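Notes follow the structure.
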Amino acid sequence: QEQLILQKRPNGMPTKETFQFREIEIPEPKDEEILLKTLYVSVDPYMRGRMSDGPSYVEPFQVGEPLTGGVVAQVIKSNHDHFKKGDIVRGNLPFQEYQVTNTTQISKVETGGLSPRTALSVLGMPGLTAYFGMMHIGEPKEGETVVVSGAAGAVGQIAGQLAKKVGARVIGIVGSKEKAAYITETLGYDVAVEYKKGNLAGQLKEACPNGIDVYYENVGGNISDAVWPLLNTFARVPVCGAISSYNLKEGEADIGLRMQPFLIKARAKMQGFIVGDFADHFHEAYAFLSEAVANGDLKFEETIKEGFHSIPEAFLGLFSGENIGKQLVKVVDG
Ligand code: NDP
């Protein structure tokens, strides 16, 4: 079996040299341990931060050690009373095809008839992130205008639908025509704005004649610069991510110093958050999301690459916009 290790820290965009596959033995579970076979692996933008050695809210990956992240796996052997062969579990685990774990790092997956991979998408971290960022920080109200950047991605696809549910007018910023069609036709966004077409400021102004009350921030940089002048009085800006800055090279100018005058003028509230800040409310969010999915009220997409070796490519594709909805890697069939 193989594991995926961090071979070299990237400076700027990760490359093939960033990653290496390494052969290792399949371990034997001891007492109270279980052996897992990886079914799905989640690749997420925040993993780019962990490849650098700077201080952050999660520990950096170590060079020569496996990458870790969201994994859905099947129990192959169990020496633990709570888990039996065949159970499907999820956890934040090393990226390898098989592994032994003590069971504190995993939980059983219950997705009510949906594929267990949804535990890494709509019914997992991205869905929860969208819920808390939009509902607890953005707090959209009926009739308000909400703009979501990265609108067709794992988080954005859910965030916009949640704002629609409370009766807001929702505009999504996306990188392709295909994504524009997805968010308007399938998800029910009111307008899609394609930033690669140019004149984003003009397109947004036209799409938001009443200004912007909530801006769900996923990308930062030039895209968001087009948003700030349109903020209404007492606008809210949940800052979920800033993916356009993640691959800046060391010493390259960072973004984000240009919006302050607009925040003051609008008395807008901008708040960064990490989904884990809301751990006490995961049950509420999970119940809401799973019911909405079961009722058909919440749509979602997943883009799936096949095979353990496609993890690097799937990860890099996040930064060129190759995914619609949640990008996952299917390692083997369950
Ligand atoms: P996505 O599924 O949205 O994938 C990334 C998307 O971002 C791409 O498909 C692409 O879409 C867009 N993108 C990539 N590079 C750029 C760029 N340079 N400029 C503009 N858009 C770009 O990822 P997630 O939904 O998993 O994550 C979305 C954001 O939320 C990220 O910033 C992530 O770090 C953050 N996040 C934060 C969490 C938290 O707890 N705060 C938890 C989870 C995610 P397009 O084709 O439209 O450009």
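Ordering of the structure tokens sets the chain letters (A, B, ...); residue numbers start at 1 within each chain; ligands are numbered from 1 in the order shown.
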Practice problem: Produce as a ChimeraX atom specification the set of residues near ligand 1, where near means within 7 Å with only C-alpha atoms and all ligand atoms considered. | Solution: /A:44-46,125-126,129,150-156,173-176,218-219,223,240-245,273-276,318-327
Keeping only C-alpha atoms, write those residues as a PDB file, in the first residue's frame.
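Saved result, again28.pdb, follows:
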ATOM      1  CA  ASP A  44      -9.347  21.205   0.633  1.00  0.00           C
ATOM      2  CA  PRO A  45      -7.868  24.666   0.009  1.00  0.00           C
ATOM      3  CA  TYR A  46      -6.747  25.055   3.669  1.00  0.00           C
ATOM      4  CA  MET A 125     -16.915  20.240   6.981  1.00  0.00           C
ATOM      5  CA  PRO A 126     -17.820  22.307   3.880  1.00  0.00           C
ATOM      6  CA  THR A 129     -18.731  25.951   7.215  1.00  0.00           C
ATOM      7  CA  GLY A 150     -16.399  30.979  -4.991  1.00  0.00           C
ATOM      8  CA  ALA A 151     -20.110  30.402  -5.411  1.00  0.00           C
ATOM      9  CA  ALA A 152     -19.998  27.041  -7.219  1.00  0.00           C
ATOM     10  CA  GLY A 153     -17.482  25.439  -4.836  1.00  0.00           C
ATOM     11  CA  ALA A 154     -17.968  23.078  -1.925  1.00  0.00           C
ATOM     12  CA  VAL A 155     -18.816  25.814   0.578  1.00  0.00           C
ATOM     13  CA  GLY A 156     -20.227  28.408  -1.831  1.00  0.00           C
ATOM     14  CA  ILE A 173     -19.323  35.107  -8.393  1.00  0.00           C
ATOM     15  CA  VAL A 174     -17.863  32.237 -10.428  1.00  0.00           C
ATOM     16  CA  GLY A 175     -15.024  31.439 -12.830  1.00  0.00           C
ATOM     17  CA  SER A 176     -16.852  29.830 -15.771  1.00  0.00           C
ATOM     18  CA  ASN A 218     -14.203  32.881  -0.086  1.00  0.00           C
ATOM     19  CA  VAL A 219     -11.587  34.348  -2.419  1.00  0.00           C
ATOM     20  CA  ILE A 223     -12.570  39.952  -6.841  1.00  0.00           C
ATOM     21  CA  CYS A 240     -14.470  32.204   5.264  1.00  0.00           C
ATOM     22  CA  GLY A 241     -11.390  32.096   3.038  1.00  0.00           C
ATOM     23  CA  ALA A 242      -9.142  34.018   0.664  1.00  0.00           C
ATOM     24  CA  ILE A 243      -8.060  31.380  -1.827  1.00  0.00           C
ATOM     25  CA  SER A 244      -6.584  33.913  -4.269  1.00  0.00           C
ATOM     26  CA  SER A 245      -3.795  34.600  -1.747  1.00  0.00           C
ATOM     27  CA  PHE A 273     -14.065  32.396  11.398  1.00  0.00           C
ATOM     28  CA  ILE A 274     -13.000  28.783  11.486  1.00  0.00           C
ATOM     29  CA  VAL A 275     -15.710  26.142  11.271  1.00  0.00           C
ATOM     30  CA  GLY A 276     -14.338  24.565  14.465  1.00  0.00           C
ATOM     31  CA  LEU A 318      -8.866  23.623  -6.638  1.00  0.00           C
ATOM     32  CA  PHE A 319      -6.638  26.560  -7.549  1.00  0.00           C
ATOM     33  CA  SER A 320      -7.518  26.526 -11.242  1.00  0.00           C
ATOM     34  CA  GLY A 321     -11.210  26.064 -10.612  1.00  0.00           C
ATOM     35  CA  GLU A 322     -11.571  22.579 -12.068  1.00  0.00           C
ATOM     36  CA  ASN A 323     -14.157  21.498  -9.519  1.00  0.00           C
ATOM     37  CA  ILE A 324     -17.870  22.107  -9.389  1.00  0.00           C
ATOM     38  CA  GLY A 325     -19.037  21.571  -5.819  1.00  0.00           C
ATOM     39  CA  LYS A 326     -16.864  19.480  -3.524  1.00  0.00           C
ATOM     40  CA  GLN A 327     -13.679  18.006  -4.962  1.00  0.00           C
TER      41      GLN A 327
END
Practice problem: Enumerate as a PyMOL selection string all residues of stretch 19-227 of chain A assigned to alpha helix (DSSP H) by DSSP on the backbone, naming them with the chain letters and numbers the document uses. | Solution: chain A and resi 46-51+125-131+156-165+177-181+200-207+221-225
Quiz item: Quick one: of A:Gly211, A:Pro312, A:Asp87, A:Leu36, who's nearest to A:Leu6, counting only C-alpha atoms?
Solution: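 Ranking A:Gly211, A:Pro312, A:Asp87, A:Leu36 by distance to A:Leu6, first place goes to A:Pro312.
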Practice problem: Select from stretch 269-311 of chain A everything DSSP, run on the backbone, classes as strand (DSSP E), then give the selection as a ChimeraX atom specification. | Solution: /A:269-272,302-306
Prev. selection, N, CA and C atoms, output as a PDB file, in the first residue's frame:
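Saved file result_36.pdb follows:
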ATOM      1  N   LYS A 269     -19.590  44.980   9.227  1.00  0.00           N
ATOM      2  CA  LYS A 269     -18.933  44.102  10.193  1.00  0.00           C
ATOM      3  C   LYS A 269     -18.297  42.952   9.427  1.00  0.00           C
ATOM      4  N   MET A 270     -16.989  42.822   9.584  1.00  0.00           N
ATOM      5  CA  MET A 270     -16.251  41.779   8.864  1.00  0.00           C
ATOM      6  C   MET A 270     -15.668  40.852   9.900  1.00  0.00           C
ATOM      7  N   GLN A 271     -15.949  39.581   9.780  1.00  0.00           N
ATOM      8  CA  GLN A 271     -15.486  38.657  10.821  1.00  0.00           C
ATOM      9  C   GLN A 271     -14.919  37.390  10.215  1.00  0.00           C
ATOM     10  N   GLY A 272     -13.674  37.114  10.551  1.00  0.00           N
ATOM     11  CA  GLY A 272     -13.090  35.837  10.143  1.00  0.00           C
ATOM     12  C   GLY A 272     -13.593  34.735  11.060  1.00  0.00           C
ATOM     13  N   GLU A 302     -20.653  17.062  -6.494  1.00  0.00           N
ATOM     14  CA  GLU A 302     -19.327  16.601  -6.107  1.00  0.00           C
ATOM     15  C   GLU A 302     -18.567  16.293  -7.394  1.00  0.00           C
ATOM     16  N   THR A 303     -17.305  16.694  -7.432  1.00  0.00           N
ATOM     17  CA  THR A 303     -16.447  16.375  -8.570  1.00  0.00           C
ATOM     18  C   THR A 303     -15.470  15.325  -8.076  1.00  0.00           C
ATOM     19  N   ILE A 304     -15.458  14.167  -8.747  1.00  0.00           N
ATOM     20  CA  ILE A 304     -14.718  13.039  -8.177  1.00  0.00           C
ATOM     21  C   ILE A 304     -13.624  12.566  -9.122  1.00  0.00           C
ATOM     22  N   LYS A 305     -12.401  12.561  -8.631  1.00  0.00           N
ATOM     23  CA  LYS A 305     -11.293  11.948  -9.383  1.00  0.00           C
ATOM     24  C   LYS A 305     -11.081  10.545  -8.844  1.00  0.00           C
ATOM     25  N   GLU A 306     -10.581   9.657  -9.707  1.00  0.00           N
ATOM     26  CA  GLU A 306     -10.464   8.248  -9.321  1.00  0.00           C
ATOM     27  C   GLU A 306      -9.018   7.886  -9.023  1.00  0.00           C
TER      28      GLU A 306
END
Self-check item: Within 12 Å of A:Lys30 using only C-alpha atoms, minus same-chain residues under 2 positions, as a list in words
Solution: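 So, after excluding close chain neighbours, the residues are Pro27, Glu28, Glu32, Glu33, Ile34, Leu35, Lys77, Ser78, Asn79, His80, Val100, Thr101, Asn102 and Thr103 of chain A.
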If you keep N, CA and C atoms, can you produce a file of those selected residues as a PDB file, in the first residue's frame?
ATOM      1  N   PRO A  27      -0.401  -2.145   8.317  1.00  0.00           N
ATOM      2  CA  PRO A  27      -0.170  -2.490   9.725  1.00  0.00           C
ATOM      3  C   PRO A  27      -1.240  -3.430  10.288  1.00  0.00           C
ATOM      4  N   GLU A  28      -0.929  -4.054  11.403  1.00  0.00           N
ATOM      5  CA  GLU A  28      -1.877  -4.957  12.104  1.00  0.00           C
ATOM      6  C   GLU A  28      -2.469  -4.219  13.305  1.00  0.00           C
ATOM      7  N   GLU A  32      -8.004  -2.855  20.988  1.00  0.00           N
ATOM      8  CA  GLU A  32      -8.736  -1.571  20.959  1.00  0.00           C
ATOM      9  C   GLU A  32      -8.473  -0.769  19.680  1.00  0.00           C
ATOM     10  N   GLU A  33      -7.801  -1.347  18.712  1.00  0.00           N
ATOM     11  CA  GLU A  33      -7.524  -0.629  17.458  1.00  0.00           C
ATOM     12  C   GLU A  33      -8.306  -1.262  16.306  1.00  0.00           C
ATOM     13  N   ILE A  34      -8.420  -0.503  15.208  1.00  0.00           N
ATOM     14  CA  ILE A  34      -9.082  -1.048  14.027  1.00  0.00           C
ATOM     15  C   ILE A  34      -8.239  -0.784  12.778  1.00  0.00           C
ATOM     16  N   LEU A  35      -8.418  -1.625  11.782  1.00  0.00           N
ATOM     17  CA  LEU A  35      -7.737  -1.422  10.490  1.00  0.00           C
ATOM     18  C   LEU A  35      -8.757  -0.850   9.502  1.00  0.00           C
ATOM     19  N   LYS A  77     -10.781  -4.701   9.813  1.00  0.00           N
ATOM     20  CA  LYS A  77     -10.616  -5.576  10.986  1.00  0.00           C
ATOM     21  C   LYS A  77     -10.868  -4.728  12.200  1.00  0.00           C
ATOM     22  N   SER A  78     -11.523  -5.288  13.206  1.00  0.00           N
ATOM     23  CA  SER A  78     -11.771  -4.480  14.406  1.00  0.00           C
ATOM     24  C   SER A  78     -11.432  -5.252  15.671  1.00  0.00           C
ATOM     25  N   ASN A  79     -10.663  -4.615  16.545  1.00  0.00           N
ATOM     26  CA  ASN A  79     -10.429  -5.138  17.887  1.00  0.00           C
ATOM     27  C   ASN A  79     -11.064  -4.206  18.902  1.00  0.00           C
ATOM     28  N   HIS A  80     -12.130  -3.545  18.470  1.00  0.00           N
ATOM     29  CA  HIS A  80     -12.789  -2.566  19.337  1.00  0.00           C
ATOM     30  C   HIS A  80     -14.294  -2.849  19.355  1.00  0.00           C
ATOM     31  N   VAL A 100      -4.094   1.787  10.574  1.00  0.00           N
ATOM     32  CA  VAL A 100      -4.616   1.393  11.870  1.00  0.00           C
ATOM     33  C   VAL A 100      -4.887   2.658  12.653  1.00  0.00           C
ATOM     34  N   THR A 101      -6.000   2.680  13.356  1.00  0.00           N
ATOM     35  CA  THR A 101      -6.273   3.855  14.180  1.00  0.00           C
ATOM     36  C   THR A 101      -6.810   3.411  15.531  1.00  0.00           C
ATOM     37  N   ASN A 102      -6.465   4.208  16.535  1.00  0.00           N
ATOM     38  CA  ASN A 102      -7.185   4.042  17.788  1.00  0.00           C
ATOM     39  C   ASN A 102      -8.445   4.864  17.569  1.00  0.00           C
ATOM     40  N   THR A 103      -9.532   4.477  18.079  1.00  0.00           N
ATOM     41  CA  THR A 103     -10.816   4.966  17.579  1.00  0.00           C
ATOM     42  C   THR A 103     -11.176   6.368  18.049  1.00  0.00           C
TER      43      THR A 103
END
Neighbouring residues of A:Ile171 were defined as those with any atom within 10 Å, considering only C-alpha atoms; residues of the same chain fewer than 6 positions away were excluded. Please report them as a PDB file with N, CA and C atoms, in the first residue's frame.
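The resulting file, out36.pdb, is reproduced below:
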ATOM      1  N   THR A 145     -29.671  41.740  -0.125  1.00  0.00           N
ATOM      2  CA  THR A 145     -28.830  41.259  -1.228  1.00  0.00           C
ATOM      3  C   THR A 145     -27.588  40.587  -0.648  1.00  0.00           C
ATOM      4  N   VAL A 146     -27.371  39.347  -1.081  1.00  0.00           N
ATOM      5  CA  VAL A 146     -26.242  38.554  -0.589  1.00  0.00           C
ATOM      6  C   VAL A 146     -25.355  38.196  -1.775  1.00  0.00           C
ATOM      7  N   VAL A 147     -24.063  38.418  -1.618  1.00  0.00           N
ATOM      8  CA  VAL A 147     -23.114  38.006  -2.660  1.00  0.00           C
ATOM      9  C   VAL A 147     -22.194  36.934  -2.087  1.00  0.00           C
ATOM     10  N   VAL A 148     -21.993  35.868  -2.861  1.00  0.00           N
ATOM     11  CA  VAL A 148     -21.104  34.774  -2.450  1.00  0.00           C
ATOM     12  C   VAL A 148     -20.007  34.656  -3.502  1.00  0.00           C
ATOM     13  N   SER A 149     -18.734  34.717  -3.091  1.00  0.00           N
ATOM     14  CA  SER A 149     -17.657  34.426  -4.052  1.00  0.00           C
ATOM     15  C   SER A 149     -17.300  32.951  -3.944  1.00  0.00           C
ATOM     16  N   ALA A 151     -18.715  30.786  -5.646  1.00  0.00           N
ATOM     17  CA  ALA A 151     -20.110  30.402  -5.411  1.00  0.00           C
ATOM     18  C   ALA A 151     -20.467  28.986  -5.858  1.00  0.00           C
ATOM     19  N   GLY A 160     -24.941  29.931  -0.630  1.00  0.00           N
ATOM     20  CA  GLY A 160     -25.924  30.692  -1.400  1.00  0.00           C
ATOM     21  C   GLY A 160     -27.336  30.160  -1.236  1.00  0.00           C
ATOM     22  N   LYS A 164     -30.832  31.960   0.103  1.00  0.00           N
ATOM     23  CA  LYS A 164     -32.101  31.920  -0.653  1.00  0.00           C
ATOM     24  C   LYS A 164     -33.252  31.475   0.245  1.00  0.00           C
ATOM     25  N   ILE A 183     -25.102  27.397 -10.819  1.00  0.00           N
ATOM     26  CA  ILE A 183     -25.638  28.096  -9.633  1.00  0.00           C
ATOM     27  C   ILE A 183     -27.005  28.731  -9.896  1.00  0.00           C
ATOM     28  N   THR A 184     -27.250  29.153 -11.125  1.00  0.00           N
ATOM     29  CA  THR A 184     -28.560  29.760 -11.371  1.00  0.00           C
ATOM     30  C   THR A 184     -29.627  28.694 -11.655  1.00  0.00           C
ATOM     31  N   GLY A 188     -30.521  27.793  -7.859  1.00  0.00           N
ATOM     32  CA  GLY A 188     -31.505  28.855  -7.635  1.00  0.00           C
ATOM     33  C   GLY A 188     -30.932  30.206  -7.263  1.00  0.00           C
ATOM     34  N   TYR A 189     -29.620  30.413  -7.467  1.00  0.00           N
ATOM     35  CA  TYR A 189     -29.068  31.766  -7.311  1.00  0.00           C
ATOM     36  C   TYR A 189     -29.814  32.686  -8.283  1.00  0.00           C
ATOM     37  N   ASP A 190     -29.981  33.965  -7.910  1.00  0.00           N
ATOM     38  CA  ASP A 190     -30.706  34.890  -8.787  1.00  0.00           C
ATOM     39  C   ASP A 190     -29.856  35.320  -9.979  1.00  0.00           C
ATOM     40  N   VAL A 191     -28.586  35.593  -9.724  1.00  0.00           N
ATOM     41  CA  VAL A 191     -27.699  36.054 -10.798  1.00  0.00           C
ATOM     42  C   VAL A 191     -26.325  35.433 -10.601  1.00  0.00           C
ATOM     43  N   ALA A 192     -25.683  35.075 -11.723  1.00  0.00           N
ATOM     44  CA  ALA A 192     -24.282  34.644 -11.670  1.00  0.00           C
ATOM     45  C   ALA A 192     -23.426  35.697 -12.358  1.00  0.00           C
ATOM     46  N   VAL A 193     -22.318  36.030 -11.729  1.00  0.00           N
ATOM     47  CA  VAL A 193     -21.384  36.982 -12.313  1.00  0.00           C
ATOM     48  C   VAL A 193     -20.088  36.228 -12.595  1.00  0.00           C
ATOM     49  N   LEU A 204     -21.039  43.609 -11.216  1.00  0.00           N
ATOM     50  CA  LEU A 204     -21.608  43.492  -9.862  1.00  0.00           C
ATOM     51  C   LEU A 204     -22.584  44.634  -9.572  1.00  0.00           C
ATOM     52  N   ALA A 207     -25.704  43.875 -11.131  1.00  0.00           N
ATOM     53  CA  ALA A 207     -26.407  42.752 -10.489  1.00  0.00           C
ATOM     54  C   ALA A 207     -26.946  43.128  -9.106  1.00  0.00           C
ATOM     55  N   CYS A 208     -26.390  44.175  -8.500  1.00  0.00           N
ATOM     56  CA  CYS A 208     -26.773  44.548  -7.127  1.00  0.00           C
ATOM     57  C   CYS A 208     -27.230  46.012  -7.079  1.00  0.00           C
ATOM     58  N   ILE A 212     -25.031  45.764  -1.372  1.00  0.00           N
ATOM     59  CA  ILE A 212     -24.781  44.416  -0.842  1.00  0.00           C
ATOM     60  C   ILE A 212     -24.900  44.429   0.683  1.00  0.00           C
ATOM     61  N   TYR A 215     -21.728  39.849   2.317  1.00  0.00           N
ATOM     62  CA  TYR A 215     -20.751  39.320   1.361  1.00  0.00           C
ATOM     63  C   TYR A 215     -20.070  38.122   1.999  1.00  0.00           C
TER      64      TYR A 215
END
Polymer residues at most 10 Å from A:Asp53, only C-alpha atoms, same-chain spacing of 2 or more positions, as a short mmCIF file (atom, residue, chain, number, x, y, z; two decimals) with C-alpha atoms, in the first residue's frame:
data_model
loop_
_atom_site.label_atom_id
_atom_site.label_comp_id
_atom_site.auth_asym_id
_atom_site.auth_seq_id
_atom_site.Cartn_x
_atom_site.Cartn_y
_atom_site.Cartn_z
CA ARG A 9 7.45 22.77 1.02
CA PRO A 10 6.14 24.81 -1.94
CA GLY A 49 -1.58 26.66 4.33
CA ARG A 50 -0.43 23.52 6.14
CA MET A 51 2.22 22.92 3.46
CA PRO A 55 2.13 29.96 12.35
CA SER A 56 -1.54 29.22 11.74
CA GLU A 59 -0.18 22.64 12.63
CA PRO A 60 1.90 22.61 9.45
CA PHE A 61 2.43 19.27 7.69
CA GLN A 62 5.93 17.92 8.28
CA VAL A 63 8.29 17.25 5.37
#
Quiz item: Quick one: residues within 10 Å of A:Glu284, only C-alpha atoms counted, chain neighbours fewer than 4 positions away excluded, as a ChimeraX atom specification?
Solution: /A:128,131,280,288-289
Quiz item: Could you name the residues that touch A:Ala119 at 8 Å or less, counting only C-alpha atoms, but leaving out those on the same chain fewer than 6 positions away, as a list in words?
Solution: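 Result of the neighbour search: Val72, Arg90, Val109, Thr111 and Met125 of chain A.
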Practice problem: May I ask for the distance between atom CA of A:Glu313 and atom CA of A:Val331, given in Å to one decimal place? | Solution: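 Pair atom CA of A:Glu313 / atom CA of A:Val331 returns 13.6 Å.
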Quiz item: In Å, with one decimal, what is the gap from atom CA of A:Glu97 to atom CA of A:Phe308?
Solution: 7.4 Å
Quiz item: Of the candidates A:Asn11, A:Thr104, A:Gln157, A:Gln20, which one gets nearest to A:Gly127 if we count only C-alpha atoms?
Solution: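 That would be A:Gln157, the residue with the smallest distance to A:Gly127.
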Self-check item: Nearest candidate to A:Lys108 (options A:Val239, A:Leu39, A:Ile88, A:Val166; using only C-alpha atoms)
Solution: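 Closest residue, counting only C-alpha atoms: A:Ile88.
What separates atom CA of A:His136 from atom CA of A:Ala287 is a distance of 15.5 Å.
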